[in-house]
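Q: The structure under discussion is supplied below as structure tokens; questions concerning it will follow.
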Amino acid sequence: MTIRQQQFRSRLEFSSSEEWRHYVETRVPEGERDFVIASGLTALYVRFHEVRDIRIPKDLLEALTKVTTLGEPKRTAELNTLNARLFDGMSRFLFANLSSVPTPRTEENADTIIAGVVTGLERENASFALWSSYERAQRKGSHLPTWEQYVQALLASEEPHSIEFTLSMGTLGQLLRQLSEQRKTISPLLINRIRALHREREGQERNLAARMVLQELLEAVTPCTSA
């Protein structure tokens, strides 16, 4: 299924997120951009389910069909919520299948590359640095709440989008650790996008960029064998 975007092109027509973002910024009216970007994510997420023959819950499919009948800003907000549900399902699927996928051979310095990415993030990205501090304390045996509880308590006075971004940095840290353990590397372009996340405009745009990066890392950790 697809979310209708009036006369706009589908995200699936573009080979990279950079090309897609350029199209949205130059060809889509400003008032439509948030919804078109969210619709683009929906197209990617639905395609992910289709190629792996993963069933999307009926109530979620119905909600995706009805979302276009809503007015703004409710339409975009609702679609972002539905996208979050789709993404959560994708994450659970990939993590559940980690052990069944063989680890391919990669360059011997793959773990060094990932370590460099982590070091850079700890220095430049305050939200990722918070995750690293939490993880180190956890490994030392400190009695800490879950990452979600920790962030919610620490950032209780912050905007929801800031809390969401900080939580996503924990997922980023976990995925980078898995890549290092599996001796896999990632492209220089993806590394640059990861390191640029904290410089994105705060709010929906930054969180969408983070979700796109996390999706690509999930794919790197568990390649699709059925696509």
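By order of appearance in the structure tokens: chains A, B, ..., then residues from 1 within every chain, and ligands from 1 in the order shown.
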With DSSP run on the backbone, what are the helix (DSSP H, G or I) residues within range 9-158 of chain A? I'd like them as JSON, numbers by chain.
A: {"A": [11, 12, 13, 17, 18, 19, 20, 21, 22, 23, 24, 25, 26, 27, 30, 31, 32, 33, 34, 35, 36, 37, 38, 39, 40, 41, 42, 43, 44, 45, 46, 47, 48, 49, 50, 51, 58, 59, 60, 61, 62, 63, 64, 65, 66, 67, 68, 69, 74, 75, 76, 77, 78, 79, 80, 81, 82, 83, 84, 85, 86, 87, 88, 89, 90, 91, 92, 93, 94, 95, 96, 98, 99, 100, 110, 111, 112, 113, 114, 115, 116, 117, 118, 119, 120, 121, 122, 123, 124, 126, 127, 128, 129, 130, 131, 132, 133, 134, 135, 136, 137, 138, 139, 147, 148, 149, 150, 151, 152, 153, 154]}
Q: Print the selection's residues with C-alpha atoms to a file, as a JSON list (two decimals), in the first residue's frame.
A:
[["chain", "number", "residue", "atom", "x", "y", "z"],
["A", 11, "ARG", "CA", 10.26, 8.02, -1.99],
["A", 12, "LEU", "CA", 10.75, 4.63, -3.65],
["A", 13, "GLU", "CA", 11.70, 6.38, -6.89],
["A", 17, "SER", "CA", 17.90, 9.80, 1.10],
["A", 18, "GLU", "CA", 20.01, 12.72, -0.16],
["A", 19, "GLU", "CA", 18.27, 12.70, -3.54],
["A", 20, "TRP", "CA", 14.89, 12.42, -1.83],
["A", 21, "ARG", "CA", 15.61, 15.30, 0.54],
["A", 22, "HIS", "CA", 16.78, 17.51, -2.33],
["A", 23, "TYR", "CA", 13.56, 16.76, -4.21],
["A", 24, "VAL", "CA", 11.39, 17.59, -1.21],
["A", 25, "GLU", "CA", 13.26, 20.81, -0.47],
["A", 26, "THR", "CA", 13.15, 22.05, -4.06],
["A", 27, "ARG", "CA", 9.88, 20.69, -5.48],
["A", 30, "GLU", "CA", 6.78, 24.16, 2.42],
["A", 31, "GLY", "CA", 3.33, 23.52, 3.85],
["A", 32, "GLU", "CA", 3.31, 19.99, 2.41],
["A", 33, "ARG", "CA", 6.88, 18.95, 3.22],
["A", 34, "ASP", "CA", 6.35, 17.42, 6.65],
["A", 35, "PHE", "CA", 3.59, 15.15, 5.40],
["A", 36, "VAL", "CA", 5.45, 14.21, 2.22],
["A", 37, "ILE", "CA", 8.56, 13.31, 4.25],
["A", 38, "ALA", "CA", 6.47, 11.22, 6.63],
["A", 39, "SER", "CA", 4.74, 9.56, 3.67],
["A", 40, "GLY", "CA", 8.14, 8.75, 2.20],
["A", 41, "LEU", "CA", 9.10, 6.92, 5.37],
["A", 42, "THR", "CA", 5.80, 5.04, 5.26],
["A", 43, "ALA", "CA", 6.58, 3.87, 1.73],
["A", 44, "LEU", "CA", 10.00, 2.58, 2.81],
["A", 45, "TYR", "CA", 8.65, 0.86, 5.89],
["A", 46, "VAL", "CA", 5.79, -0.82, 4.04],
["A", 47, "ARG", "CA", 8.22, -1.98, 1.35],
["A", 48, "PHE", "CA", 10.43, -3.45, 4.08],
["A", 49, "HIS", "CA", 7.47, -5.52, 5.29],
["A", 50, "GLU", "CA", 6.47, -6.58, 1.78],
["A", 51, "VAL", "CA", 9.85, -7.95, 0.66],
["A", 58, "LYS", "CA", -4.96, -4.91, 10.26],
["A", 59, "ASP", "CA", -5.69, -1.95, 12.53],
["A", 60, "LEU", "CA", -2.45, -0.30, 11.44],
["A", 61, "LEU", "CA", -3.25, -0.78, 7.76],
["A", 62, "GLU", "CA", -6.70, 0.73, 8.29],
["A", 63, "ALA", "CA", -5.22, 3.70, 10.13],
["A", 64, "LEU", "CA", -2.71, 4.29, 7.32],
["A", 65, "THR", "CA", -5.55, 4.30, 4.80],
["A", 66, "LYS", "CA", -7.60, 6.81, 6.79],
["A", 67, "VAL", "CA", -4.78, 9.21, 7.66],
["A", 68, "THR", "CA", -5.03, 11.13, 4.37],
["A", 69, "THR", "CA", -8.58, 12.21, 5.25],
["A", 74, "LYS", "CA", -3.23, 16.20, 12.84],
["A", 75, "ARG", "CA", -2.58, 14.35, 9.57],
["A", 76, "THR", "CA", 1.21, 14.52, 9.81],
["A", 77, "ALA", "CA", 1.25, 13.89, 13.57],
["A", 78, "GLU", "CA", -0.88, 10.78, 13.16],
["A", 79, "LEU", "CA", 1.26, 9.47, 10.30],
["A", 80, "ASN", "CA", 4.42, 9.96, 12.37],
["A", 81, "THR", "CA", 2.82, 7.92, 15.16],
["A", 82, "LEU", "CA", 1.91, 5.16, 12.71],
["A", 83, "ASN", "CA", 5.43, 5.22, 11.25],
["A", 84, "ALA", "CA", 6.81, 4.74, 14.75],
["A", 85, "ARG", "CA", 4.69, 1.60, 15.10],
["A", 86, "LEU", "CA", 5.94, 0.29, 11.76],
["A", 87, "PHE", "CA", 9.54, 1.00, 12.71],
["A", 88, "ASP", "CA", 9.18, -0.72, 16.08],
["A", 89, "GLY", "CA", 7.90, -3.82, 14.31],
["A", 90, "MET", "CA", 10.83, -3.75, 11.91],
["A", 91, "SER", "CA", 13.29, -3.44, 14.78],
["A", 92, "ARG", "CA", 11.79, -6.40, 16.62],
["A", 93, "PHE", "CA", 11.89, -8.52, 13.47],
["A", 94, "LEU", "CA", 15.53, -7.75, 12.73],
["A", 95, "PHE", "CA", 16.76, -8.25, 16.28],
["A", 96, "ALA", "CA", 14.83, -11.52, 16.53],
["A", 98, "LEU", "CA", 20.16, -11.67, 14.33],
["A", 99, "SER", "CA", 21.40, -15.08, 15.42],
["A", 100, "SER", "CA", 20.19, -16.84, 12.27],
["A", 110, "ALA", "CA", 36.11, -2.71, 10.60],
["A", 111, "ASP", "CA", 36.03, -2.53, 14.40],
["A", 112, "THR", "CA", 38.54, 0.32, 14.31],
["A", 113, "ILE", "CA", 36.30, 2.27, 11.93],
["A", 114, "ILE", "CA", 33.27, 1.83, 14.20],
["A", 115, "ALA", "CA", 35.35, 2.76, 17.24],
["A", 116, "GLY", "CA", 36.30, 6.00, 15.50],
["A", 117, "VAL", "CA", 32.64, 6.77, 14.81],
["A", 118, "VAL", "CA", 31.75, 6.17, 18.46],
["A", 119, "THR", "CA", 34.61, 8.37, 19.69],
["A", 120, "GLY", "CA", 33.53, 11.18, 17.40],
["A", 121, "LEU", "CA", 29.92, 10.92, 18.53],
["A", 122, "GLU", "CA", 30.91, 10.98, 22.19],
["A", 123, "ARG", "CA", 32.81, 14.20, 21.55],
["A", 124, "GLU", "CA", 30.28, 15.96, 19.31],
["A", 126, "ALA", "CA", 25.64, 15.32, 23.67],
["A", 127, "SER", "CA", 22.76, 12.85, 23.46],
["A", 128, "PHE", "CA", 25.06, 10.05, 22.33],
["A", 129, "ALA", "CA", 27.57, 10.99, 25.03],
["A", 130, "LEU", "CA", 24.78, 10.56, 27.58],
["A", 131, "TRP", "CA", 24.13, 7.05, 26.25],
["A", 132, "SER", "CA", 27.83, 6.17, 26.43],
["A", 133, "SER", "CA", 28.01, 7.37, 30.03],
["A", 134, "TYR", "CA", 24.92, 5.34, 30.90],
["A", 135, "GLU", "CA", 26.30, 2.23, 29.21],
["A", 136, "ARG", "CA", 29.66, 2.48, 30.99],
["A", 137, "ALA", "CA", 27.94, 2.84, 34.35],
["A", 138, "GLN", "CA", 25.73, -0.12, 33.57],
["A", 139, "ARG", "CA", 28.72, -2.29, 32.68],
["A", 147, "TRP", "CA", 17.54, 3.49, 29.35],
["A", 148, "GLU", "CA", 13.99, 4.64, 28.62],
["A", 149, "GLN", "CA", 13.25, 5.28, 32.30],
["A", 150, "TYR", "CA", 16.61, 6.98, 32.78],
["A", 151, "VAL", "CA", 16.06, 9.40, 29.89],
["A", 152, "GLN", "CA", 12.45, 10.12, 30.81],
["A", 153, "ALA", "CA", 13.49, 11.04, 34.36],
["A", 154, "LEU", "CA", 16.59, 13.02, 33.39]]
Q: Determine the nearest neighbour of Ile163 in chain A from the options A:Leu144, A:Gln204, A:Leu214, A:Arg52, counting only C-alpha atoms.
A: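 Looking at the shortest contact to Ile163 in chain A, the residue is A:Gln204.
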Q: Which residues are near Leu190 in chain A? Cut-off 10 Å, only C-alpha atoms, ignore same chain within fewer than 6 positions. Put them as a list of chain:residue names.
A: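 Near Leu190 in chain A, the qualifying residues are A:Ala196, A:Val213, A:Glu216, A:Leu217.
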Q: Could you take the residues named above and write them with all heavy atoms, as an mmCIF file, in the first residue's frame?
A:
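Generated file (again_22.cif):
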data_model
loop_
_atom_site.group_PDB
_atom_site.id
_atom_site.type_symbol
_atom_site.label_atom_id
_atom_site.label_comp_id
_atom_site.auth_asym_id
_atom_site.auth_seq_id
_atom_site.Cartn_x
_atom_site.Cartn_y
_atom_site.Cartn_z
ATOM 1 N N ALA A 196 26.399 13.731 11.540
ATOM 2 C CA ALA A 196 25.712 15.004 11.316
ATOM 3 C C ALA A 196 24.342 15.061 11.988
ATOM 4 O O ALA A 196 23.692 16.109 11.974
ATOM 5 C CB ALA A 196 25.550 15.254 9.815
ATOM 6 N N VAL A 213 18.652 6.693 9.552
ATOM 7 C CA VAL A 213 19.980 6.145 9.834
ATOM 8 C C VAL A 213 19.862 4.816 10.577
ATOM 9 O O VAL A 213 20.550 3.836 10.250
ATOM 10 C CB VAL A 213 20.808 7.155 10.653
ATOM 11 C CG1 VAL A 213 22.007 6.473 11.300
ATOM 12 C CG2 VAL A 213 21.285 8.294 9.761
ATOM 13 N N GLU A 216 18.943 1.990 8.258
ATOM 14 C CA GLU A 216 20.057 1.514 7.435
ATOM 15 C C GLU A 216 21.041 0.687 8.261
ATOM 16 O O GLU A 216 21.612 -0.294 7.768
ATOM 17 C CB GLU A 216 20.757 2.700 6.774
ATOM 18 C CG GLU A 216 19.897 3.392 5.723
ATOM 19 C CD GLU A 216 20.657 4.433 4.926
ATOM 20 O OE1 GLU A 216 21.830 4.181 4.589
ATOM 21 O OE2 GLU A 216 20.082 5.499 4.644
ATOM 22 N N LEU A 217 21.244 1.068 9.511
ATOM 23 C CA LEU A 217 22.131 0.286 10.369
ATOM 24 C C LEU A 217 21.525 -1.074 10.697
ATOM 25 O O LEU A 217 22.237 -2.082 10.770
ATOM 26 C CB LEU A 217 22.429 1.056 11.656
ATOM 27 C CG LEU A 217 23.366 2.259 11.511
ATOM 28 C CD1 LEU A 217 23.489 2.998 12.836
ATOM 29 C CD2 LEU A 217 24.741 1.828 11.021
#
Q: May I ask which of the residues A:Gly141, A:Leu189, A:Gly203, A:Ile194 is the closest one to Leu176 in chain A, counting only C-alpha atoms?
A: A:Ile194
Q: If we count only C-alpha atoms, what is near Ala220 in chain A at a cut-off of 8 Å, once residues fewer than 6 positions away on the same chain are taken out, given as a list in words?
A: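 Counting only C-alpha atoms, the residues come to Leu179, Lys184 and Ile186 of chain A.
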Q: Tell me, in Å to one decimal, how far CA of Leu167 in chain A is from CA of Ile191 in chain A.
A: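 Interatomic distance here is 19.3 Å.
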Q: May I ask which of the residues A:Asn207, A:Asn109, A:Gln182, A:Ser10 is the closest one to Met169 in chain A, counting only C-alpha atoms?
A: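 That would be A:Asn207, the residue with the smallest distance to Met169 in chain A.
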